[in-house]
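Peer 1: I have a structure I would like to understand better, so I am pasting it below and will then ask my questions one at a time.
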Amino acid sequence: SRLLQASTSEVYGDPLVTPQKEEYWGNVNALGPRACYDEGKRVAETMCTISSADTVIARIFNTYGPHMALNDGRAVSNFILQALENKPITVHGDGLQTRSFCYVSDTASGLIDLMNSDESGPVNIGNPEEVTLLQLAEEIIELADSKSRIVHTDSAVDDPHQRCPDIYHAITKLNWMPDVDRRTGLKY
């Protein structure tokens, strides 16, 4: 049977290149507070690559959708919970760091397409529409018809400035691309 290594965009660290292509080696602080996760995923990819097992590597970018844990510390769930409770929405730093958000059904279909292909990866699975965290917070306030205001906190250590997938391989090799736009997904 085939093994799926659910890797992550975190292997790119704080990238010096955007959008991030699978061939990019990344810019990871191997000794920083995020290092265990980042380097753990990088070594897992290596182990899959040198293994004789039939493996495929997916680099999953930020995924969101129904049934997310309310206290998981992710931007989408944090912002939604704060907006629904009309509490201040906390944005780290200036909020100009960018992310891309892929709706869960799109991520799942990308993983299925990858598993059913002859590709071994890595293949980026994510939505290439980039947005600042400040824009995301404002969008969620609007969609929730919230009275929340945005407050800025200290920047997180080693927080990437840009995170956006190049999905050329997913499009050309898997015939996959996301269908659900961010605003629509946030309404679900």
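Every chain in the structure tokens has a letter given in the order shown (A, B, ...), and although residue numbers restart at 1 in each chain, ligands are simply numbered from 1 in the order shown.
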Check chain A with DSSP on the backbone and list each residue it calls strand (DSSP E or B), as a count of residues only.

Peer 2: 37

Peer 1: Name all residues at most 12 Å from range 152-158 of chain A (count only C-alpha atoms; drop same-chain ones fewer than 6 positions away) and give them as number ranges by chain.

Peer 2: A: 10, 12-15, 27-35, 38, 88-97, 133-134, 137

Peer 1: When you count only C-alpha atoms, which of these residues is closest to Thr184 in chain A: A:Ala75, A:Glu139, A:Arg59, A:Ser117?

Peer 2: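 Ranking A:Ala75, A:Glu139, A:Arg59, A:Ser117 by distance to Thr184 in chain A, first place goes to A:Glu139.
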
Peer 1: I need the residues of chain A that end up classed as alpha helix (DSSP H) by DSSP on the backbone, written out as an MDAnalysis selection string.

Peer 2: chainID A and resid 35:50 75:84 104:115 133:143 168:174 182:187

Peer 1: I'd like the neighbourhood of Leu114 in chain A as a PyMOL selection string, where a residue qualifies if any of its atoms comes within 10 Å (using only C-alpha atoms), though same-chain residues fewer than 3 positions away should be ignored.

Peer 2: chain A and resi 4+56-58+108-111+117-123+125+170+173-176

Peer 1: Atoms to include: C-alpha atoms. Write the selected residues as a compact mmCIF listing (two decimals), in the first residue's frame.

Peer 2:
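Everything below was put into out_7.txt:
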# COMPACT_ATOMS: atom_id res chain seq x y z
CA LEU A 4 1.13 9.56 2.41
CA VAL A 56 4.13 10.28 -1.60
CA ILE A 57 4.87 13.65 0.01
CA ALA A 58 2.25 16.39 0.21
CA ALA A 108 -8.75 16.62 0.90
CA SER A 109 -9.39 16.34 -2.84
CA GLY A 110 -5.79 17.37 -3.54
CA LEU A 111 -4.49 14.66 -1.22
CA SER A 117 -1.39 9.57 -9.13
CA ASP A 118 2.02 8.20 -10.05
CA GLU A 119 3.72 11.19 -8.42
CA SER A 120 5.93 10.78 -5.38
CA GLY A 121 6.22 14.45 -4.52
CA PRO A 122 6.71 16.63 -2.80
CA VAL A 123 3.67 18.43 -4.18
CA ILE A 125 -1.39 21.40 -1.76
CA ALA A 170 -0.52 20.10 -8.61
CA LYS A 173 0.58 16.62 -12.71
CA LEU A 174 -2.63 16.07 -10.75
CA ASN A 175 -5.06 18.27 -12.67
CA TRP A 176 -5.95 19.75 -9.25

Peer 1: How many Å lie between CA of Arg182 in chain A and CA of Glu129 in chain A, rounded to one decimal?

Peer 2: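 Rounded to one decimal, the two atoms are 8.4 Å apart.
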